[in-house]
Amino acid sequence: MKLIYLLIVLAPLFGAAVAGLAGGAIGRANAHRLTILAVAVSAGLSLWVLYQHVSGTATSFNETIYTWAMVGDLRLEVGFLVDRLTAVMMVVVTTVSLAVHVYTVGYMHDDPGYQRFFSYINLFTFAMLMLVMANNFLQLFFGWEAVGLVSYLLIGFWYKKESAIFANLKAFLVNRVGDFGFLLGIAAVLFYYNSLDYVEVFGAARAAPELTMSIFGTEALVVTVACLLLFIGAMGKSAQVPLHVWLPDSMEGPTPISALIHAATMVTAGIYLVARMSPLFEFSETALTVVLVLGAITALFMGLVGLVQHDIKRVIAYSTLSQLGYMFVALGASAYAAGVFHLMTHAFFKALLFLGAGAIIVALHHEQDMRRMGNLRRYLPITHITMLLGTLALVGTPLFSGYYSKDAIIEAVHLSDRAGAGFAYVAVLLGVFITSLYSFRLYFLVFWGEERIDPHAREHMSHLPRYVLPVMQWPLILLAIPSVVIGYFTIAPMLFGGFFGEAIFVAPANDVLALLSEKFHGSFAFALHAAVNPAFWLAVAGAIVAWFFFNFRPSLLPMVNARLKPVIEVLENKYGFDVLYNQGFAGGGRLLGRALWRVGDQGLIDGLIVNGTARTIGRLAGLLRGAQSGYLYHYAFAMILGLLLLLSVFVANWQGWF
Amino acid sequence: MIEKVIFYVFAGILLAAALLVITARNPVHSALSLVLVFFTSAALWLMAEAEFLGIALILVYVGAVMVLFLFVVMMLDINIAVMREGFSRYLPLGALVAVIMVLQMLLVIGAAGVDLSGFAEATNPALSETNNIRMLGNVLYTVYVYPFELAAMVLLLAIIAAIMLTLRRRGGTRHQDINKQVRTTKAERLRMVRMASEQKNEQ
Amino acid sequence: MTFEMPQFALAAPEIWLGVMACVVLVADLFDRSKDSRIAFFLTQFTFVVAIWLALSTHWGEGVQHTFNGMYISDNLAGLLKASMAALAALTVGYSRDYLLQRDLLKGEFFLLALIALLGMFVMASAASMLILYMGLELLSLSLYAMVAFDRDSRVGSEAAMKYFVLGALSSGMLLYGMSMIYGASGSLIITEIAATAASGQNGLLLAFGMTFVLVGVAFKFGAVPFHMWVPDVYQGAPTAVSAFLGSAPKIAALALFLRLLVEGLGDLHAQWQLMAIILAVGSLAVGNLFALMQTNLKRMFAYSTISHIGFLFLGLIAGTDEGYAAALFYAISYGIMSAGGFGMIILLSRRGFEADMIDDMRGLNDRHSGFALVMLLLMFSMTGIPGTVGFYAKWMVLQALVEAGLVWLAVLAVVFAVIGAFYYLRVLKSVYFERLEDPMPIEAAMGTRAAMMGTGGVVLLLGLFPGALIAVCRAAFGL
């Protein structure tokens, strides 16, 4: 087993190393063959591992692979913890990654950085696997930072594009804020539980849940502080309000990346983290409330912003933000399994939507503005069908995967009695309507209505190399299948069958899914239940509104826009977060920095220490350089002087002069 | 008592000669002083009943090494004036350092007072029963075989290094190759020239 | 003294090297090829077998003495020998191409390297002052000859002359100190000296001798103020020799220190600690400050060596087993980095051109990004940036210092390390950010290239997974 786990992790690393270091030598075709093969190996083995876990032949694996260093009693190790939660994540990561790899062959077909790109995404797969398979906080942090690094590299992949550079810098800075909290969280865990190993930490937390620490003059539960700090890390990585600002901008990167990293896998690391840390979070009511409320805010308000975007990728990006909010709501309601379940279904249909968008973008020669699309169903029939399936899954059409996961979350929140659960329930319900509205807005604007395509782009569409569109459509079809059916088949075991077993810990008092399971009578019945479910009717309403304004009577739209002008302005400004951050924090920071630079750097350090040091060193060196004259007898004399010095020290020591 | 007197006489000569080695203006005088140093040390060794070492010192160092050394010194034309340039300039500083160091060493060694109890009592049989060479031979290939072999390696290394640094095969040097001479054939050495007889030119 | 038959098998590594030196000497006579390839391959074969022999003979076999207590076989000896042989193999591997290009390649070079390694082995396993000295002289004499290897080079001969005279001077001091120690303890055997030191008998005399011994050891390390030969010799010697000189012999110097001052005079730690602090701080200061001003890469490496030796001394100063293990780890990792640094100069040099100026590194990234990456790793490692082996070396030393309560020294060391970062990064600036007008292609042979890549890989690999080497270094001191 150990060998297989190692192989799963190392195959992409090997691919990344070869494609990255010897990309020029092996050529484009071999680079993609090799990297795809590497990910395929990982994906195949991951599926096998999941199968083993599901069929019960494999038990949870927790072993140290390599002891990196010993610091006192602290072991810094590389180790794998593979249980069912991990296995699910591994399958999601590797299969989506595989689809994206294949898709990239078409998407990047004319890009000069072809090998570099494959190397990066292979590296990303490695890092993400390290993250989810970690059995200790150190490796988790390594994976956490590594995926962040690759994300940074990939957002700025087109490093000659001004906006891409800005976007990756932004992502980097915002993530630093999150990582700072994360690191403090790990430090708190290490300090109070004396270990970095998951099992040991969880054991220590369970043994002493009432342990307190004093912080800012008040006593606080250690577990609360640690969880909140860790959650700050999760907020950064999973783009929750108020650390969400980097994700929409990250759409400057190539679309396969948006699908893989910024929709399906990396951004869900925060979800995974909280689910994995459930044995900690369960002891802190406060932390869970914070998770719940912030998730609900993100779910509702970020969906609203999606309504006014024109860039096709940004719409999907805001949709991602909103869906991540749903997942956090589930976690906050102690329905961890529902969060992870939504993570999985979302990974498939969101990757599908992104890749579909990418296919459109490539076909239209890198046109992303929905105002210059329309009626594309004629040109891209397969993309159209698969995108429609993805949209239906996203809005929660009964029997589609999204329905099961999202409805489970809504029901779970409904049943939860945690503080803020009432607000969260309203937010996620309204969110359903918003989701449906922006999703169908996108769908109608792109595939229906009048054709507003740029003549250039149309020209381009007929000149694409013949392999490009098919190679991009296969992954779409591949992803469409799980997007539609996976919920139907997996909801029963994952949510109510105790699938995750020991991996997720829920205190009996908090177990809303257990309550929900009493109402659950099979997947099909759950789907029929939609008829008496407000969420379903809200989704239908959203779809109808979208159809009405964006397809049936688009002429009415300007009138509505004019009426809602103030609201739309707020939305277009994204609630002013960017302004606040750019001018408030960044600008203030710059001002402060300049002031400190003037006084501290120029005055004190440069004047006194640096330049002063340079001068002193120069003088001293001049003196010493005289000794390094090249004359043998000078050297010999220096040695004698050295001997004299040591002898003097000896004599002084002996006489007790020191 | 008499032994002590003899010891101090030889030791005094030794120190004086050693001083001469480094102060003599003429390198030949220097080398000859060194010969004297060796002689007196040999005498000291003899007094310590290490007659083999004493004799070896005279045979090897005085008889071979120093004579060779003298040859070299005499063959080279060394400019005495240049060699001693700067001597007086550095003398005060050097002397100061030397004095301080000697004082320190005297201070320490004087105070330390050597306790020789760490040395094993000499168990050698009386000289009449054995001799120096036999005793050396007994330990050299047994107890001290490892350093002895290492010393052999040092000598081998010295030979290799010396040859490597000095042996040059310059092109164009004339040398005899017996093999070549023996294997030579008529064709290589003899050239038959046929020419018409010349007319003697009148002057 | 009673004689008992020595266990020759315990000295298998030394015997193997000695025998092979003779074999190479004879074999080279019959080698008609221009590039002494028989001698080269035989030598490399000897090195590789020596690594194996050292480990199989000494490692994990406990402490054994033989040759009437003059020879010691323990874990430390095994590790020291294996690492020295490995570094010798690496640096000799680099040198072949270099010597060939300059018509210097002769079998004697390999012979000298073999005997130098024999000297180092002897020191690593010495349990008697006599043996230590014999090993030291075997090593030193070989090195003098190697430095003078390019007979037609004036700077080379000058460097060799300086090295020789100063080396003789330091040997004299070492011998004087040893004679004092012998006088105080009545024995040449290290364990008996240790017993005397522990008993406190003749303590003053012992400490007096120790002072002189420390001078001799410091000279071998090249610690300030006995460092003057280092820059001149590193610069003047053929680069291949500098590479050899800068790696394995440093570990041998550490062996000398450990055997003599730690195992023999460990009880005088309080006495030599202060002196070692002076040496260490002086080395850190002089090494780093002078390195800042160099334009010649070999000279810069020389001063950087001095500063690294200062760091290594800090580990010894701590005076704990952790500190000694840290110093050992430092010496080994520094040996690898140093070999890599000089290897890079060799790699970029070609017939009639010595790439030994920092400016010669310009535009390396454009010429070959792989080697530029290796250079990056080497410089990062010398600076001590995490992810490379140099980081752990520094970190272990600092940790040992702090545990020994010498926090101020640790702080000082970090300050100097930061100063050091400047000149290492300056090299990288040349490599990555400066352009070279009409760059020449790199002409190095495949072997040299592979060795270079291997060195970079080892630096990175040990930086990522230092656990094994750390564990081995600690095991050598029974931790």
# chains A, B, ... in the order shown; residues from 1 in each chain; ligands from 1
$ closest_atom_pairs --of "chain B" --to "chain A" --cutoff "10 Å" --atoms "only C-alpha atoms" --output "tab-separated table"
residue	atom	partner	partner_atom	distance
B:Gly94	CA	A:Phe637	CA	8.3
B:Val97	CA	A:Leu641	CA	7.5
B:Ala98	CA	A:Leu644	CA	9.0
B:Ile100	CA	A:Leu644	CA	8.1
B:Met101	CA	A:Leu644	CA	6.3
B:Val102	CA	A:Leu644	CA	10.0
B:Gln104	CA	A:Val651	CA	7.2
B:Met105	CA	A:Leu647	CA	8.4
B:Leu107	CA	A:Val651	CA	8.6
B:Val108	CA	A:Val651	CA	7.5
$ write_last_selection --atoms "N, CA and C atoms" --output "PDB file, in the first residue's frame"
ATOM      1  N   GLY B  94      60.782  41.767  15.831  1.00  0.00           N
ATOM      2  CA  GLY B  94      60.952  40.327  16.011  1.00  0.00           C
ATOM      3  C   GLY B  94      61.505  40.023  17.383  1.00  0.00           C
ATOM      4  N   VAL B  97      58.856  40.415  20.099  1.00  0.00           N
ATOM      5  CA  VAL B  97      57.943  39.271  20.151  1.00  0.00           C
ATOM      6  C   VAL B  97      58.646  38.075  20.764  1.00  0.00           C
ATOM      7  N   ALA B  98      59.869  37.854  20.332  1.00  0.00           N
ATOM      8  CA  ALA B  98      60.612  36.700  20.827  1.00  0.00           C
ATOM      9  C   ALA B  98      60.789  36.795  22.337  1.00  0.00           C
ATOM     10  N   ILE B 100      58.992  38.439  24.533  1.00  0.00           N
ATOM     11  CA  ILE B 100      57.729  38.217  25.248  1.00  0.00           C
ATOM     12  C   ILE B 100      57.409  36.725  25.311  1.00  0.00           C
ATOM     13  N   MET B 101      57.623  36.092  24.172  1.00  0.00           N
ATOM     14  CA  MET B 101      57.253  34.687  24.115  1.00  0.00           C
ATOM     15  C   MET B 101      58.132  33.851  25.035  1.00  0.00           C
ATOM     16  N   VAL B 102      59.402  34.155  25.019  1.00  0.00           N
ATOM     17  CA  VAL B 102      60.316  33.402  25.879  1.00  0.00           C
ATOM     18  C   VAL B 102      59.930  33.609  27.334  1.00  0.00           C
ATOM     19  N   GLN B 104      57.018  34.308  28.552  1.00  0.00           N
ATOM     20  CA  GLN B 104      55.797  33.564  28.851  1.00  0.00           C
ATOM     21  C   GLN B 104      56.092  32.087  29.042  1.00  0.00           C
ATOM     22  N   MET B 105      56.930  31.561  28.130  1.00  0.00           N
ATOM     23  CA  MET B 105      57.220  30.143  28.209  1.00  0.00           C
ATOM     24  C   MET B 105      57.976  29.805  29.485  1.00  0.00           C
ATOM     25  N   LEU B 107      57.837  31.431  32.214  1.00  0.00           N
ATOM     26  CA  LEU B 107      56.887  31.580  33.306  1.00  0.00           C
ATOM     27  C   LEU B 107      56.097  30.289  33.497  1.00  0.00           C
ATOM     28  N   VAL B 108      55.596  29.793  32.401  1.00  0.00           N
ATOM     29  CA  VAL B 108      54.731  28.618  32.484  1.00  0.00           C
ATOM     30  C   VAL B 108      55.532  27.390  32.875  1.00  0.00           C
TER      31      VAL B 108
END
$ interface_residues --of "chain A" --to "chain C" --cutoff "7 Å" --atoms "only C-alpha atoms" --output "list in words"
Thr67, Trp68, Ala69, Ala621, Gln628, Leu632, Tyr635, Ala636, Ala638, Met639, Gly642, Leu643, Leu646, Leu647 and Val649 of chain A
$ atom_distance --atom1 "atom CA of A:Leu389" --atom2 "atom CA of A:Ile121"
26.3 Å
$ select_by_dssp --residues "stretch 218-414 of chain C" --states "strand (DSSP E or B)" --output "count of residues only"
4
$ closest_atom_pairs --of "stretch 252-295 of chain C" --to "stretch 313-331 of chain C" --cutoff "7 Å" --atoms "only C-alpha atoms" --output "JSON lines"
{"residue": "C:His269", "atom": "CA", "partner": "C:Gly319", "partner_atom": "CA", "distance": 6.9}
{"residue": "C:Gln273", "atom": "CA", "partner": "C:Ile317", "partner_atom": "CA", "distance": 5.6}
{"residue": "C:Ala276", "atom": "CA", "partner": "C:Ile317", "partner_atom": "CA", "distance": 6.4}
{"residue": "C:Ile277", "atom": "CA", "partner": "C:Ile317", "partner_atom": "CA", "distance": 6.7}
{"residue": "C:Ala280", "atom": "CA", "partner": "C:Phe313", "partner_atom": "CA", "distance": 5.6}
$ interface_residues --of "chain C" --to "chain B" --cutoff "9 Å" --atoms "only C-alpha atoms" --output "short mmCIF file (atom, residue, chain, number, x, y, z; two decimals) with C-alpha atoms, in the first residue's frame"
data_model
loop_
_atom_site.label_atom_id
_atom_site.label_comp_id
_atom_site.auth_asym_id
_atom_site.auth_seq_id
_atom_site.Cartn_x
_atom_site.Cartn_y
_atom_site.Cartn_z
CA MET C 1 56.45 -3.00 25.89
CA THR C 2 55.01 -6.33 25.01
CA PHE C 3 54.16 -7.05 21.46
CA GLU C 4 50.98 -8.63 20.30
CA MET C 5 50.16 -9.45 16.74
CA PRO C 6 48.22 -6.54 15.19
CA GLY C 18 48.98 1.92 0.24
CA PHE C 67 48.84 -1.96 16.46
CA ASN C 68 49.58 -1.72 20.18
CA MET C 70 48.10 3.17 17.93
CA TYR C 71 45.21 2.47 15.62
CA GLU C 108 51.76 11.31 -10.61
CA LEU C 111 49.40 9.01 -7.16
CA LEU C 112 49.73 12.10 -5.03
CA ILE C 115 48.83 9.12 -0.92
CA GLY C 119 47.49 10.38 5.02
CA VAL C 122 45.81 7.50 8.85
CA LEU C 130 53.02 9.70 16.46
CA ILE C 131 50.52 8.29 13.99
CA MET C 134 52.82 10.71 10.29
CA GLY C 135 49.41 11.01 8.68
CA GLU C 137 52.97 14.76 7.01
CA LEU C 138 51.84 12.25 4.40
CA LEU C 141 53.79 16.59 1.60
CA SER C 142 51.40 15.34 -1.05
CA TYR C 144 52.75 20.68 -1.35
CA ALA C 145 53.66 18.69 -4.41
CA MET C 146 50.18 18.95 -5.85
CA ALA C 148 53.38 22.90 -7.38
CA PHE C 149 52.04 20.55 -9.99
CA ASP C 150 52.10 23.10 -12.77
CA ARG C 151 55.84 23.55 -12.78
CA GLY C 183 56.43 15.12 28.67
CA ALA C 184 53.38 15.69 30.79
CA SER C 185 51.67 12.38 30.23
CA GLY C 186 54.54 10.07 29.45
CA SER C 187 52.72 8.50 26.56
CA THR C 196 46.43 12.11 32.42
CA GLN C 201 48.41 15.70 36.86
CA ASN C 202 50.82 18.04 35.09
CA GLY C 203 47.78 20.05 34.04
CA LEU C 204 49.64 23.24 33.34
CA LEU C 205 52.23 21.62 31.15
CA PHE C 208 50.81 24.63 27.54
#
$ atom_distance --atom1 "atom CA of C:Val241" --atom2 "atom CA of C:Leu258"
25.4 Å
$ residues_around --residues "stretch 68-73 of chain B" --least-positions-apart "5" --cutoff "9 Å" --atoms "only C-alpha atoms" --output "PyMOL selection string"
chain B and resi 27-28+31-32+63+78
$ residues_around --residues "stretch 34-47 of chain B" --least-positions-apart "6" --cutoff "12 Å" --atoms "only C-alpha atoms" --output "ChimeraX atom specification"
/B:2-24,27-28,53-70,132
$ select_by_dssp --residues "stretch 294-493 of chain A" --states "alpha helix (DSSP H)" --output "PyMOL selection string"
chain A and resi 294-306+312-332+336-363+381-395+401-415+421-447+455-461+468-491
$ atom_distance --atom1 "atom CA of C:Gly478" --atom2 "atom CA of C:Met84"
20.3 Å
$ residues_around --residues "A:Pro554" --least-positions-apart "5" --cutoff "9 Å" --atoms "only C-alpha atoms" --output "number ranges by chain"
A: 449, 548-549
$ residues_around --residues "stretch 356-370 of chain A" --least-positions-apart "2" --cutoff "6 Å" --atoms "only C-alpha atoms" --output "number ranges by chain"
A: 255, 310-312, 352-354, 372-373, 383, 457, 461
$ decode --residues "stretch 180-198 of chain A" --atoms "C-alpha atoms" --output "CSV table (one decimal), in the first residue's frame"
chain,number,residue,atom,x,y,z
A,180,PHE,CA,0.0,34.1,8.5
A,181,GLY,CA,-3.1,33.1,10.4
A,182,PHE,CA,-2.6,29.5,9.4
A,183,LEU,CA,1.0,29.5,10.6
A,184,LEU,CA,-0.1,31.0,13.9
A,185,GLY,CA,-2.7,28.3,14.1
A,186,ILE,CA,-0.1,25.6,13.6
A,187,ALA,CA,2.1,27.3,16.1
A,188,ALA,CA,-0.7,27.3,18.7
A,189,VAL,CA,-1.4,23.6,18.1
A,190,LEU,CA,2.3,22.8,18.5
A,191,PHE,CA,2.6,25.0,21.6
A,192,TYR,CA,-0.3,23.6,23.4
A,193,TYR,CA,-0.6,20.1,22.2
A,194,ASN,CA,3.2,19.5,21.7
A,195,SER,CA,2.9,17.6,18.5
A,196,LEU,CA,2.3,18.2,14.8
A,197,ASP,CA,0.9,14.8,14.2
A,198,TYR,CA,-2.9,14.8,13.5
